[in-house]
$ cat entry18.cif   # mmCIF, C-alpha atoms and all ligand atoms
data_structure
loop_
_atom_site.label_atom_id
_atom_site.label_comp_id
_atom_site.auth_asym_id
_atom_site.auth_seq_id
_atom_site.Cartn_x
_atom_site.Cartn_y
_atom_site.Cartn_z
CA MET A 33 1.01 16.45 10.75
CA LYS A 34 -2.03 15.93 8.50
CA HIS A 35 0.19 13.80 6.28
CA TYR A 36 1.06 11.48 9.17
CA LYS A 37 -2.51 11.36 10.48
CA LYS A 38 -3.81 10.07 7.15
CA ARG A 39 -1.00 7.53 6.82
CA ILE A 40 -1.77 6.23 10.31
CA GLU A 41 -5.49 6.09 9.55
CA LEU A 42 -4.88 4.13 6.34
CA VAL A 43 -2.81 1.55 8.21
CA GLU A 44 -5.26 1.37 11.12
CA ASN A 45 -8.18 0.85 8.74
CA TYR A 46 -6.25 -1.87 6.97
CA LEU A 47 -5.39 -3.63 10.23
CA GLY A 48 -9.06 -3.37 11.20
CA ARG A 49 -10.08 -5.09 7.96
CA LEU A 50 -7.35 -7.67 8.42
CA ASP A 51 -8.60 -8.58 11.87
CA LEU A 52 -5.50 -10.48 13.00
CA LYS A 53 -6.14 -13.31 15.40
CA LYS A 54 -5.39 -12.89 19.10
CA GLU A 55 -2.32 -15.18 19.01
CA ILE A 56 -0.67 -12.87 16.46
CA LEU A 57 -1.52 -9.74 18.46
CA ASP A 58 -0.13 -11.34 21.65
CA TYR A 59 2.99 -12.47 19.81
CA TYR A 60 3.84 -8.93 18.68
CA SER A 61 2.78 -7.07 21.80
CA GLY A 62 5.74 -5.57 23.68
CA ARG A 63 8.41 -6.60 21.15
CA ASN A 64 11.47 -4.61 20.07
CA ILE A 65 11.77 -4.86 16.31
CA LEU A 66 14.54 -3.65 14.02
CA VAL A 67 13.44 -2.54 10.55
CA THR A 68 16.31 -1.75 8.19
CA GLY A 69 15.25 0.49 5.32
CA GLY A 70 12.30 1.62 7.45
CA ALA A 71 12.25 5.08 5.88
CA GLY A 72 11.60 3.64 2.43
CA ALA A 73 8.45 3.03 0.40
CA ILE A 74 7.50 -0.29 1.99
CA GLY A 75 9.32 0.13 5.31
CA SER A 76 7.54 3.41 6.10
CA ASN A 77 4.21 1.55 5.98
CA LEU A 78 5.51 -1.49 7.84
CA ILE A 79 6.77 0.56 10.80
CA ILE A 80 3.35 2.17 11.36
CA ALA A 81 1.71 -1.25 11.44
CA LEU A 82 4.39 -2.72 13.71
CA SER A 83 4.22 0.31 15.99
CA LYS A 84 0.52 -0.46 16.51
CA LEU A 85 1.18 -4.15 17.08
CA VAL A 86 4.02 -3.82 19.61
CA GLY A 87 2.15 -1.13 21.57
CA LYS A 88 3.57 1.12 24.25
CA ASP A 89 5.73 -1.60 25.83
CA GLY A 90 7.50 -2.32 22.58
CA LYS A 91 9.71 -0.36 20.22
CA ILE A 92 10.45 -0.12 16.50
CA ILE A 93 14.04 0.72 15.68
CA VAL A 94 14.50 2.04 12.15
CA LEU A 95 17.97 1.89 10.60
CA ASP A 96 18.14 3.81 7.33
CA ASN A 97 20.87 5.90 5.71
CA LEU A 98 18.29 7.86 3.66
CA SER A 99 20.36 7.25 0.54
CA ALA A 100 17.20 6.70 -1.50
CA ILE A 101 15.71 9.97 -0.37
CA LYS A 102 16.57 13.27 -2.01
CA LEU A 103 17.51 15.95 0.53
CA LYS A 104 17.97 13.16 3.09
CA ASP A 105 14.80 14.09 4.92
CA PRO A 106 13.12 11.20 6.78
CA PHE A 107 9.67 12.68 6.15
CA ASN A 108 8.34 9.21 5.43
CA VAL A 109 9.07 8.07 8.99
CA THR A 110 5.91 8.68 10.99
CA PRO A 111 6.88 10.21 14.35
CA LEU A 112 5.15 7.82 16.72
CA PRO A 113 6.31 7.60 20.34
CA ASN A 114 7.55 4.01 20.03
CA ILE A 115 9.45 4.50 16.77
CA MET A 116 13.16 5.25 17.11
CA PHE A 117 14.87 6.47 13.95
CA VAL A 118 18.61 5.87 13.66
CA LEU A 119 20.37 7.45 10.70
CA GLY A 120 22.90 4.81 9.77
CA ASP A 121 24.18 2.29 7.30
CA VAL A 122 23.77 -1.49 7.22
CA ARG A 123 27.41 -1.72 6.16
CA SER A 124 28.65 0.06 9.29
CA ASP A 125 29.55 -1.90 12.44
CA VAL A 126 29.21 1.28 14.47
CA ASP A 127 25.63 1.77 13.28
CA LEU A 128 24.74 -1.89 13.68
CA LYS A 129 26.09 -1.96 17.24
CA ARG A 130 24.00 1.11 17.95
CA VAL A 131 20.74 -0.47 16.81
CA PHE A 132 21.40 -3.92 18.27
CA LYS A 133 22.03 -2.23 21.64
CA GLU A 134 18.27 -1.64 21.66
CA ASP A 135 17.75 -5.41 22.05
CA PRO A 136 15.62 -6.19 19.02
CA ASN A 137 14.19 -9.71 19.07
CA MET A 138 13.07 -9.57 15.43
CA VAL A 139 14.53 -8.09 12.26
CA PHE A 140 12.81 -7.08 9.04
CA HIS A 141 15.62 -6.45 6.56
CA LEU A 142 14.30 -4.10 3.88
CA ALA A 143 17.33 -1.87 3.28
CA ALA A 144 18.54 -2.21 -0.29
CA PHE A 145 20.13 -0.31 -3.11
CA PHE A 146 16.95 0.10 -5.13
CA ALA A 147 16.70 -1.24 -7.85
CA ASN A 148 17.39 -2.64 -11.36
CA GLN A 149 18.57 0.40 -13.33
CA ASN A 150 20.36 1.84 -10.28
CA SER A 151 22.33 -1.40 -9.92
CA ILE A 152 23.33 -1.29 -13.58
CA ASP A 153 24.58 2.27 -13.11
CA TYR A 154 26.32 1.45 -9.79
CA PRO A 155 26.99 -2.31 -9.62
CA GLU A 156 29.62 -2.14 -6.87
CA VAL A 157 27.58 -0.10 -4.38
CA SER A 158 24.64 -2.33 -5.15
CA ALA A 159 26.61 -5.43 -4.15
CA GLU A 160 28.11 -3.75 -1.08
CA VAL A 161 24.71 -2.78 0.29
CA ASP A 162 22.63 -5.74 -0.84
CA VAL A 163 25.14 -8.50 -0.15
CA ILE A 164 27.79 -7.30 2.33
CA GLY A 165 25.23 -5.17 4.21
CA LEU A 166 22.90 -8.17 4.46
CA ILE A 167 25.67 -10.47 5.73
CA LYS A 168 26.51 -7.96 8.44
CA VAL A 169 22.90 -7.64 9.58
CA LEU A 170 22.54 -11.45 9.55
CA GLU A 171 25.67 -11.78 11.66
CA TYR A 172 24.49 -9.29 14.29
CA ALA A 173 21.04 -10.88 14.28
CA ARG A 174 22.59 -14.29 14.91
CA LEU A 175 24.70 -12.98 17.80
CA ALA A 176 21.63 -11.23 19.24
CA LYS A 177 19.70 -14.55 18.91
CA VAL A 178 16.67 -12.87 17.34
CA ASP A 179 13.71 -15.18 16.98
CA ARG A 180 12.84 -14.10 13.42
CA PHE A 181 14.71 -12.55 10.49
CA VAL A 182 12.47 -11.61 7.59
CA TYR A 183 14.26 -10.81 4.33
CA ALA A 184 12.80 -8.66 1.55
CA SER A 185 13.58 -10.69 -1.54
CA SER A 186 12.22 -9.97 -4.97
CA GLY A 187 10.12 -11.93 -7.42
CA CYS A 188 11.92 -10.33 -10.36
CA ALA A 189 15.21 -11.63 -8.96
CA ILE A 190 14.43 -15.31 -8.85
CA TYR A 191 12.37 -16.34 -11.83
CA GLY A 192 14.31 -14.95 -14.80
CA SER A 193 12.64 -13.93 -18.02
CA TYR A 194 10.47 -16.60 -19.57
CA PRO A 195 9.22 -19.03 -16.97
CA LYS A 196 5.77 -20.57 -16.94
CA LEU A 197 3.07 -18.43 -15.32
CA PRO A 198 1.93 -18.12 -12.61
CA LEU A 199 5.39 -18.04 -11.06
CA LYS A 200 5.78 -20.75 -8.49
CA GLU A 201 8.46 -20.87 -5.85
CA GLU A 202 10.07 -24.10 -6.97
CA PHE A 203 11.18 -22.58 -10.30
CA ILE A 204 14.54 -20.77 -10.23
CA SER A 205 16.38 -19.14 -13.12
CA MET A 206 20.12 -18.56 -13.39
CA HIS A 207 19.49 -16.10 -16.23
CA LEU A 208 19.11 -12.84 -14.37
CA THR A 209 19.47 -9.52 -16.14
CA THR A 210 20.65 -6.98 -13.54
CA PRO A 211 23.09 -6.84 -10.61
CA TYR A 212 20.11 -6.06 -8.33
CA GLN A 213 18.45 -9.34 -9.26
CA ILE A 214 21.70 -11.23 -8.76
CA ASN A 215 22.20 -9.60 -5.35
CA LYS A 216 18.67 -10.32 -4.21
CA MET A 217 18.97 -13.98 -5.18
CA THR A 218 22.36 -14.12 -3.46
CA GLY A 219 20.66 -12.57 -0.43
CA GLU A 220 18.19 -15.44 -0.24
CA MET A 221 21.08 -17.88 -0.42
CA TYR A 222 22.85 -16.17 2.48
CA CYS A 223 19.65 -16.23 4.51
CA ASN A 224 19.35 -19.93 3.79
CA PHE A 225 22.97 -20.41 4.84
CA TYR A 226 22.33 -18.70 8.20
CA TYR A 227 19.28 -20.89 8.65
CA HIS A 228 21.04 -24.17 7.84
CA HIS A 229 24.31 -23.43 9.61
CA TYR A 230 23.23 -21.39 12.63
CA GLU A 231 19.51 -22.17 12.78
CA LEU A 232 18.73 -18.48 12.48
CA PRO A 233 14.96 -18.43 11.88
CA ILE A 234 14.92 -16.66 8.52
CA VAL A 235 12.05 -16.16 6.07
CA ASN A 236 12.54 -15.13 2.43
CA CYS A 237 9.60 -13.06 1.18
CA ARG A 238 9.58 -12.47 -2.56
CA PHE A 239 7.81 -9.18 -3.21
CA PHE A 240 6.20 -8.34 -6.53
CA ASN A 241 5.96 -4.71 -7.77
CA SER A 242 4.82 -2.77 -4.75
CA TYR A 243 2.73 0.40 -5.08
CA GLY A 244 0.88 2.70 -2.73
CA PRO A 245 1.38 5.64 -0.36
CA GLY A 246 5.00 6.18 0.64
CA GLU A 247 6.81 5.78 -2.68
CA VAL A 248 8.17 9.05 -4.02
CA PRO A 249 8.81 9.17 -7.79
CA GLY A 250 12.33 9.24 -9.12
CA GLN A 251 14.61 8.09 -11.87
CA TYR A 252 15.17 4.72 -10.21
CA ARG A 253 11.64 4.23 -8.88
CA ASN A 254 8.75 2.05 -9.98
CA VAL A 255 6.38 2.71 -12.85
CA ILE A 256 3.27 3.58 -10.80
CA PRO A 257 4.63 6.53 -8.78
CA ASN A 258 6.40 7.85 -11.86
CA PHE A 259 3.28 7.61 -14.05
CA ILE A 260 1.14 9.32 -11.40
CA TYR A 261 3.72 12.07 -11.04
CA TRP A 262 4.08 12.70 -14.77
CA ALA A 263 0.31 12.53 -15.31
CA MET A 264 -0.31 15.03 -12.51
CA LYS A 265 2.20 17.33 -14.19
CA GLY A 266 0.27 16.99 -17.46
CA MET A 267 3.00 15.10 -19.28
CA SER A 268 2.73 12.28 -21.82
CA LEU A 269 3.29 8.89 -20.24
CA PRO A 270 6.13 6.95 -21.86
CA ILE A 271 5.73 3.20 -22.22
CA THR A 272 8.95 1.31 -22.76
CA GLY A 273 7.63 -1.59 -24.82
CA THR A 274 4.27 -2.27 -26.45
CA GLY A 275 2.08 -1.69 -23.40
CA GLU A 276 0.94 -5.33 -23.60
CA GLU A 277 3.47 -6.20 -20.88
CA THR A 278 1.93 -7.10 -17.54
CA ARG A 279 2.98 -6.83 -13.91
CA ASP A 280 1.62 -8.26 -10.70
CA PHE A 281 1.18 -5.02 -8.76
CA THR A 282 0.88 -5.50 -5.02
CA TYR A 283 -0.63 -2.92 -2.71
CA VAL A 284 1.94 -1.97 -0.12
CA LEU A 285 -0.28 -2.78 2.86
CA ASP A 286 -0.88 -6.26 1.49
CA LEU A 287 2.90 -6.68 1.51
CA VAL A 288 2.92 -5.42 5.08
CA GLN A 289 0.32 -8.07 5.91
CA GLY A 290 2.57 -10.73 4.41
CA LEU A 291 5.54 -9.48 6.42
CA ILE A 292 3.63 -9.43 9.71
CA LYS A 293 2.49 -12.99 9.10
CA ALA A 294 5.94 -14.11 7.93
CA GLY A 295 7.22 -12.82 11.26
CA TYR A 296 4.69 -14.89 13.19
CA TYR A 297 3.99 -18.28 11.60
CA LYS A 298 6.50 -21.01 12.52
CA GLU A 299 5.74 -22.71 9.20
CA ALA A 300 7.44 -19.80 7.43
CA ILE A 301 10.86 -20.44 8.98
CA GLY A 302 13.49 -21.50 6.45
CA GLU A 303 11.00 -20.97 3.63
CA ASN A 304 10.60 -18.68 0.64
CA PHE A 305 7.32 -17.52 -0.81
CA ASN A 306 5.79 -14.93 -3.10
CA LEU A 307 3.96 -11.94 -1.74
CA ALA A 308 1.92 -10.57 -4.63
CA SER A 309 -1.64 -9.84 -5.66
CA GLY A 310 -1.93 -12.92 -7.86
CA LYS A 311 -3.38 -10.73 -10.64
CA GLU A 312 -1.96 -9.16 -13.79
CA VAL A 313 -2.35 -5.58 -14.96
CA LYS A 314 -1.33 -4.49 -18.48
CA ILE A 315 0.98 -1.47 -18.58
CA LEU A 316 -1.18 0.22 -21.23
CA ASP A 317 -4.30 -0.20 -19.06
CA LEU A 318 -2.34 1.16 -16.10
CA ALA A 319 -1.30 4.27 -18.05
CA GLU A 320 -4.89 4.84 -19.24
CA MET A 321 -6.30 4.42 -15.72
CA ILE A 322 -3.81 6.91 -14.32
CA ASN A 323 -4.46 9.44 -17.10
CA LYS A 324 -8.20 9.15 -16.51
CA ALA A 325 -7.96 9.46 -12.73
CA THR A 326 -5.71 12.52 -12.96
CA GLY A 327 -7.49 14.16 -15.90
CA ASN A 328 -4.37 14.01 -18.06
CA SER A 329 -5.19 14.25 -21.77
CA LYS A 330 -1.65 14.09 -23.17
CA PRO A 331 -1.21 11.08 -25.47
CA ILE A 332 0.70 8.02 -24.31
CA TYR A 333 3.77 7.27 -26.35
CA PHE A 334 5.93 4.26 -26.88
CA MET A 335 9.68 3.78 -26.54
CA GLU A 336 12.00 0.89 -27.04
CA ARG A 337 12.03 -1.60 -24.20
CA ARG A 338 15.05 -1.29 -21.89
CA LYS A 339 17.62 -3.96 -22.59
CA TRP A 340 17.47 -5.54 -19.13
CA ASP A 341 13.68 -5.50 -19.07
CA THR A 342 13.14 -8.94 -20.53
CA LYS A 343 9.99 -9.93 -18.67
CA PRO A 344 6.96 -9.60 -20.93
CA ARG A 345 4.57 -10.74 -18.18
CA LEU A 346 4.73 -11.18 -14.43
CA LEU A 347 2.11 -13.07 -12.50
CA ALA A 348 2.84 -14.77 -9.21
CA SER A 349 1.22 -17.74 -7.59
CA ILE A 350 0.31 -16.84 -4.01
CA GLU A 351 -0.80 -20.34 -3.06
CA LYS A 352 2.30 -21.06 -0.98
CA ALA A 353 1.95 -17.87 1.06
CA LYS A 354 -1.74 -18.63 1.57
CA LYS A 355 -0.95 -22.10 2.79
CA LEU A 356 2.05 -21.29 4.99
CA VAL A 357 1.08 -17.95 6.52
CA ASP A 358 -2.60 -17.42 5.67
CA TYR A 359 -1.70 -14.53 3.35
CA ARG A 360 -4.76 -13.04 1.65
CA PRO A 361 -4.42 -9.73 -0.22
CA LEU A 362 -7.29 -7.43 0.68
CA VAL A 363 -6.94 -4.44 -1.63
CA GLU A 364 -8.12 -4.55 -5.24
CA PHE A 365 -6.00 -2.66 -7.76
CA GLU A 366 -8.55 0.12 -8.35
CA GLU A 367 -8.80 0.87 -4.63
CA GLY A 368 -5.03 0.77 -4.13
CA LEU A 369 -4.47 3.09 -7.07
CA ARG A 370 -7.09 5.53 -5.72
CA ASN A 371 -5.33 5.60 -2.34
CA ASN A 372 -2.01 6.10 -4.08
CA ILE A 373 -3.26 9.05 -6.14
CA GLU A 374 -4.91 10.57 -3.09
CA TRP A 375 -1.60 10.38 -1.23
CA PHE A 376 0.02 12.25 -4.13
CA ARG A 377 -2.68 14.94 -4.02
CA ASP A 378 -2.44 15.34 -0.24
CA ASN A 379 1.35 15.64 -0.34
CA TRP A 380 1.92 17.23 -3.72
CA LYS A 381 4.30 19.97 -2.56
CA LYS A 382 6.49 17.50 -0.68
CA ILE A 383 6.41 15.01 -3.55
CA GLU A 384 7.42 17.67 -6.06
CA ALA A 385 10.32 18.67 -3.83
CA PHE A 386 11.43 15.06 -3.28
CA ALA A 387 10.85 13.63 -6.77
CA ASP A 388 14.31 12.65 -7.86
CA PHE A 389 14.80 13.33 -11.55
CA PRO A 390 18.20 14.97 -11.92
CA PRO A 391 18.69 17.27 -14.90
CA GLY A 392 20.11 15.80 -18.06
CA MET A 393 19.83 12.22 -19.18
CA SER A 394 18.26 10.68 -16.11
CA SER A 395 17.75 6.93 -16.35
CA ALA A 396 13.96 7.22 -16.10
CA VAL A 397 13.86 9.27 -19.25
CA ARG A 398 16.89 8.08 -21.18
CA GLY A 399 15.90 8.03 -24.82
CA PHE A 400 12.93 10.34 -24.43
CA ALA A 401 14.35 13.50 -22.94
CA PRO A 402 12.16 15.88 -25.01
CA ASN A 403 9.25 14.75 -22.86
CA MET A 404 10.77 16.60 -19.93
CA ASN A 405 9.54 19.89 -21.34
CA GLN A 406 5.90 18.99 -21.39
CA ASP A 407 4.98 20.50 -18.04
CA SER A 408 1.69 22.31 -18.29
N1 LIG B 501 9.23 -1.88 -4.17
C1 LIG B 501 9.16 -3.04 -4.82
O1 LIG B 501 8.39 -3.17 -5.76
C2 LIG B 501 10.01 -4.19 -4.40
C3 LIG B 501 9.92 -5.40 -5.12
C4 LIG B 501 10.72 -6.47 -4.73
C5 LIG B 501 11.56 -6.35 -3.64
N2 LIG B 501 11.63 -5.17 -2.96
C6 LIG B 501 12.54 -5.07 -1.83
O2 LIG B 501 11.85 -4.54 -0.71
C7 LIG B 501 12.71 -3.72 0.05
C8 LIG B 501 12.08 -2.37 0.25
O3 LIG B 501 11.80 -1.79 -1.00
P1 LIG B 501 11.28 -0.31 -1.13
O4 LIG B 501 10.46 -0.22 -2.36
O5 LIG B 501 10.71 0.14 0.15
O6 LIG B 501 12.65 0.45 -1.41
P2 LIG B 501 13.15 1.87 -0.88
O7 LIG B 501 14.33 2.24 -1.71
O8 LIG B 501 12.01 2.82 -0.83
O9 LIG B 501 13.58 1.53 0.61
C9 LIG B 501 14.84 1.03 0.94
C10 LIG B 501 15.39 1.88 2.05
O10 LIG B 501 16.71 1.39 2.35
C11 LIG B 501 17.52 2.51 2.62
N3 LIG B 501 18.92 2.14 2.40
C12 LIG B 501 19.56 1.99 1.21
N4 LIG B 501 20.85 1.67 1.42
C13 LIG B 501 21.01 1.60 2.76
C14 LIG B 501 22.13 1.31 3.58
N5 LIG B 501 23.33 1.04 3.05
N6 LIG B 501 21.96 1.33 4.92
C15 LIG B 501 20.74 1.62 5.48
N7 LIG B 501 19.66 1.91 4.74
C16 LIG B 501 19.80 1.88 3.39
C17 LIG B 501 17.06 3.59 1.68
O11 LIG B 501 17.39 4.90 2.15
C18 LIG B 501 15.55 3.36 1.66
O12 LIG B 501 14.88 4.18 2.60
C19 LIG B 501 14.03 -3.67 -0.70
O13 LIG B 501 14.88 -4.61 -0.10
C20 LIG B 501 13.67 -4.10 -2.09
O14 LIG B 501 14.75 -4.70 -2.75
C21 LIG B 501 10.88 -4.10 -3.32
#
$ encode --input "entry18.cif" --output "C-alpha cells"
Amino acid sequence: MKHYKKRIELVENYLGRLDLKKEILDYYSGRNILVTGGAGAIGSNLIIALSKLVGKDGKIIVLDNLSAIKLKDPFNVTPLPNIMFVLGDVRSDVDLKRVFKEDPNMVFHLAAFFANQNSIDYPEVSAEVDVIGLIKVLEYARLAKVDRFVYASSGCAIYGSYPKLPLKEEFISMHLTTPYQINKMTGEMYCNFYYHHYELPIVNCRFFNSYGPGEVPGQYRNVIPNFIYWAMKGMSLPITGTGEETRDFTYVLDLVQGLIKAGYYKEAIGENFNLASGKEVKILDLAEMINKATGNSKPIYFMERRKWDTKPRLLASIEKAKKLVDYRPLVEFEEGLRNNIEWFRDNWKKIEAFADFPPGMSSAVRGFAPNMNQDS
C-alpha cells in the first residue's frame, strides 16, 4: 500500500502545483472516463489524476489486457474506489461492449503494442492492436457519442529522421522506420477520419519520450527505465550510437497535464500537437547522470546504433500545445529523474520481479549479451 500512497501523493502534489482553473475542475467532476491501456506506464499515472478530477460521483474505467506486463499483474493500477479495472482487449467486441456499458462520456486511448523494436519483431500483432484495435474503439466511441476522444500519438511516428528542429506539427515525413511508427501515424489518420466524417471530437496528442514512475524496465522499454535498472544492478550502461544523440524527455505527469487539457479545451478538437518538454538531453549526459545518482562506477560502453534508430536528435516545439491548450511542462529533467529513481528504490523488489528481459538474445541487449553477466 505504501507504493500506492506515494504514487497518489506525487500526482496530488503535481495537481496542486498545476492549479487547474475552476472551469476545468467543473468539467471533469462526475464524469465516467474510459482509459484504454490504463495499466501502462503513462496510463497508470493518468488514471490517478483523472480519479481525483472526476471525484466520487464519477468513474474511471480501465481497459487493459496486461500484455505489456510480465506475470500479468496489474500492480500499476492504483486501487482507488472510483477506478474500475477491466481485463480485456481493445480488439475484442465482448470486452468493448463490457466497458462501454459503463457509459463513458470521454475516452483516452493509450493502449498500444509498445513500441519500435517490438513492432519489428511482431509487425502483425502491432498492426492488429494499434490500427484495428483503434478503429474498434473509435467505432464504439462514436456510437456512444462521447464528447472527447484523446489519442496517444507519437512524435517519433510523424516527423521521420532528419527534419528541421524543433519539430513543428506542420511537418510530416513519409519515411518512417518501424511498423510502430507507421501504425501510430495511421492511427492519427483514422482519428481525423472519424472527426471529419462523424464529427467525433478527437484530439491527436504526439508524445515525446516519456519517463517517470510507472514504467518498468524491459527489452522493449524506453532508455531511462532500462538505464536506471542496469545502473542499480551495477552494470555498464550500453549506448547504441555515439552518445551525442539527443531526446526530448518528457516527465510523465507533464504528459498527463497535456492529456487533461486536451480533454477539456474545445480548441483542441480535430487538432494534433506535440506534448514534450521542449528541451534536449544528450544520451551520454543521461547515462552519466544516472550512474552518478545510483553510485554506479562501471564504465559506459558504446555499441552500433540500431538500424531503425535513425534520429540523431529529437526536440519538439511545444508552442502549439501552449497556444491551444495552455500546456506548460512543470517538471525539470533533474527533478523528474530524481522522482523516477526514487520510485525504483521504493519498489525495487517488484521492479526486479517485473523487469522483462528474457534469457538469451533479448532485443534490449542484442549485440552486447556479455554485459548480462555484470551483476554485482
Ligand atoms: N512512453 C512513451 O515514451 C511514448 C511515446 C510516444 C507515444 N506513446 C504512446 O502512449 C501510449 C502509452 O504508452 P506507455 O508508455 O504507457 O505504454 P505501455 O506499454 O506502458 O502501456 C500501454 C498499455 O496498453 C496495454 N495493451 C497493449 N495491447 C493491448 C490490447 N490489445 N488491449 C488492451 N490493452 C492493451 C498494455 O498492457 C499496456 O498496459 C501508447 O499508445 C504509446 O504508443 C508513448
$ closest_residue --input "entry18.cif" --among "A:Asn258, A:Ser158, A:Ser61, A:Asn241" --to "A:Leu346" --atoms "all atoms listed in the file"
A:Asn241
$ closest_residue --input "entry18.cif" --among "A:Phe225, A:Tyr297, A:Trp262, A:Tyr252" --to "ligand LIG 501 (chain B)" --atoms "all atoms listed in the file"
A:Tyr252
$ atom_distance --input "entry18.cif" --atom1 "atom CA of A:Asp89" --atom2 "atom CA of A:Tyr60"
10.4 Å
$ atom_distance --input "entry18.cif" --atom1 "atom N5 of ligand LIG 501 (chain B)" --atom2 "atom CA of A:Ile167"
12.0 Å
$ residues_near_ligand --input "entry18.cif" --ligand "ligand LIG 501 (chain B)" --cutoff "6 Å" --atoms "all atoms listed in the file" --output "PDB file with C-alpha atoms, keeping the file's coordinate frame"
ATOM      1  CA  GLY A  69      15.250   0.490   5.320  1.00  0.00           C
ATOM      2  CA  ALA A  71      12.250   5.080   5.880  1.00  0.00           C
ATOM      3  CA  GLY A  72      11.600   3.640   2.430  1.00  0.00           C
ATOM      4  CA  ALA A  73       8.450   3.030   0.400  1.00  0.00           C
ATOM      5  CA  ILE A  74       7.500  -0.290   1.990  1.00  0.00           C
ATOM      6  CA  GLY A  75       9.320   0.130   5.310  1.00  0.00           C
ATOM      7  CA  LEU A  95      17.970   1.890  10.600  1.00  0.00           C
ATOM      8  CA  ASP A  96      18.140   3.810   7.330  1.00  0.00           C
ATOM      9  CA  ASN A  97      20.870   5.900   5.710  1.00  0.00           C
ATOM     10  CA  LEU A  98      18.290   7.860   3.660  1.00  0.00           C
ATOM     11  CA  SER A  99      20.360   7.250   0.540  1.00  0.00           C
ATOM     12  CA  ALA A 100      17.200   6.700  -1.500  1.00  0.00           C
ATOM     13  CA  ILE A 101      15.710   9.970  -0.370  1.00  0.00           C
ATOM     14  CA  GLY A 120      22.900   4.810   9.770  1.00  0.00           C
ATOM     15  CA  ASP A 121      24.180   2.290   7.300  1.00  0.00           C
ATOM     16  CA  VAL A 122      23.770  -1.490   7.220  1.00  0.00           C
ATOM     17  CA  ARG A 123      27.410  -1.720   6.160  1.00  0.00           C
ATOM     18  CA  LEU A 142      14.300  -4.100   3.880  1.00  0.00           C
ATOM     19  CA  ALA A 143      17.330  -1.870   3.280  1.00  0.00           C
ATOM     20  CA  ALA A 144      18.540  -2.210  -0.290  1.00  0.00           C
ATOM     21  CA  PHE A 145      20.130  -0.310  -3.110  1.00  0.00           C
ATOM     22  CA  PHE A 146      16.950   0.100  -5.130  1.00  0.00           C
ATOM     23  CA  VAL A 161      24.710  -2.780   0.290  1.00  0.00           C
ATOM     24  CA  ALA A 184      12.800  -8.660   1.550  1.00  0.00           C
ATOM     25  CA  SER A 185      13.580 -10.690  -1.540  1.00  0.00           C
ATOM     26  CA  SER A 186      12.220  -9.970  -4.970  1.00  0.00           C
ATOM     27  CA  PHE A 239       7.810  -9.180  -3.210  1.00  0.00           C
ATOM     28  CA  PHE A 240       6.200  -8.340  -6.530  1.00  0.00           C
ATOM     29  CA  ASN A 241       5.960  -4.710  -7.770  1.00  0.00           C
ATOM     30  CA  SER A 242       4.820  -2.770  -4.750  1.00  0.00           C
TER      31      SER A 242
END
$ closest_residue --input "entry18.cif" --among "A:Glu312, A:Glu351, A:Asp125, A:Glu336" --to "A:Glu171" --atoms "only C-alpha atoms"
A:Asp125
$ closest_residue --input "entry18.cif" --among "A:Asn45, A:Ser193, A:Asn148, A:Asn108" --to "A:Lys382" --atoms "only C-alpha atoms"
A:Asn108
$ atom_distance --input "entry18.cif" --atom1 "atom CA of A:Ala353" --atom2 "atom CA of A:Phe281"
16.2 Å
$ residues_around --input "entry18.cif" --residues "A:Val313" --least-positions-apart "3" --cutoff "8 Å" --atoms "only C-alpha atoms" --output "ChimeraX atom specification"
/A:278-281,317-318
$ write_last_selection --input "entry18.cif" --atoms "C-alpha atoms" --output "PDB file, in the frame of the given file"
ATOM      1  CA  THR A 278       1.930  -7.100 -17.540  1.00  0.00           C
ATOM      2  CA  ARG A 279       2.980  -6.830 -13.910  1.00  0.00           C
ATOM      3  CA  ASP A 280       1.620  -8.260 -10.700  1.00  0.00           C
ATOM      4  CA  PHE A 281       1.180  -5.020  -8.760  1.00  0.00           C
ATOM      5  CA  ASP A 317      -4.300  -0.200 -19.060  1.00  0.00           C
ATOM      6  CA  LEU A 318      -2.340   1.160 -16.100  1.00  0.00           C
TER       7      LEU A 318
END
$ residues_around --input "entry18.cif" --residues "A:Ile190" --least-positions-apart "2" --cutoff "12 Å" --atoms "only C-alpha atoms" --output "VMD selection string"
chain A and resid 185 to 188 192 to 195 199 to 210 212 to 221 236 to 240 304 to 306 346 348
$ closest_residue --input "entry18.cif" --among "A:Leu52, A:Cys223, A:Val139, A:Met33" --to "A:Ile93" --atoms "all atoms listed in the file"
A:Val139
$ residues_around --input "entry18.cif" --residues "A:Ala385" --least-positions-apart "5" --cutoff "12 Å" --atoms "only C-alpha atoms" --output "JSON, numbers by chain"
{"A": [101, 102, 103, 104, 105, 107, 248, 249, 250, 261, 379, 380, 390]}
$ closest_residue --input "entry18.cif" --among "A:Ala325, A:Ile350, A:Leu82, A:Ile292" --to "A:Leu307" --atoms "all atoms listed in the file"
A:Ile350
$ residues_around --input "entry18.cif" --residues "A:Tyr222" --least-positions-apart "6" --cutoff "9 Å" --atoms "all atoms listed in the file" --output "PyMOL selection string"
chain A and resi 163+166-167+170
$ residues_around --input "entry18.cif" --residues "A:Gly48" --least-positions-apart "3" --cutoff "12 Å" --atoms "only C-alpha atoms" --output "JSON list (two decimals) with C-alpha atoms, in the coordinates of the input"
[["chain", "number", "residue", "atom", "x", "y", "z"],
["A", 41, "GLU", "CA", -5.49, 6.09, 9.55],
["A", 42, "LEU", "CA", -4.88, 4.13, 6.34],
["A", 43, "VAL", "CA", -2.81, 1.55, 8.21],
["A", 44, "GLU", "CA", -5.26, 1.37, 11.12],
["A", 45, "ASN", "CA", -8.18, 0.85, 8.74],
["A", 51, "ASP", "CA", -8.60, -8.58, 11.87],
["A", 52, "LEU", "CA", -5.50, -10.48, 13.00],
["A", 53, "LYS", "CA", -6.14, -13.31, 15.40],
["A", 81, "ALA", "CA", 1.71, -1.25, 11.44],
["A", 84, "LYS", "CA", 0.52, -0.46, 16.51],
["A", 85, "LEU", "CA", 1.18, -4.15, 17.08],
["A", 289, "GLN", "CA", 0.32, -8.07, 5.91],
["A", 362, "LEU", "CA", -7.29, -7.43, 0.68]]
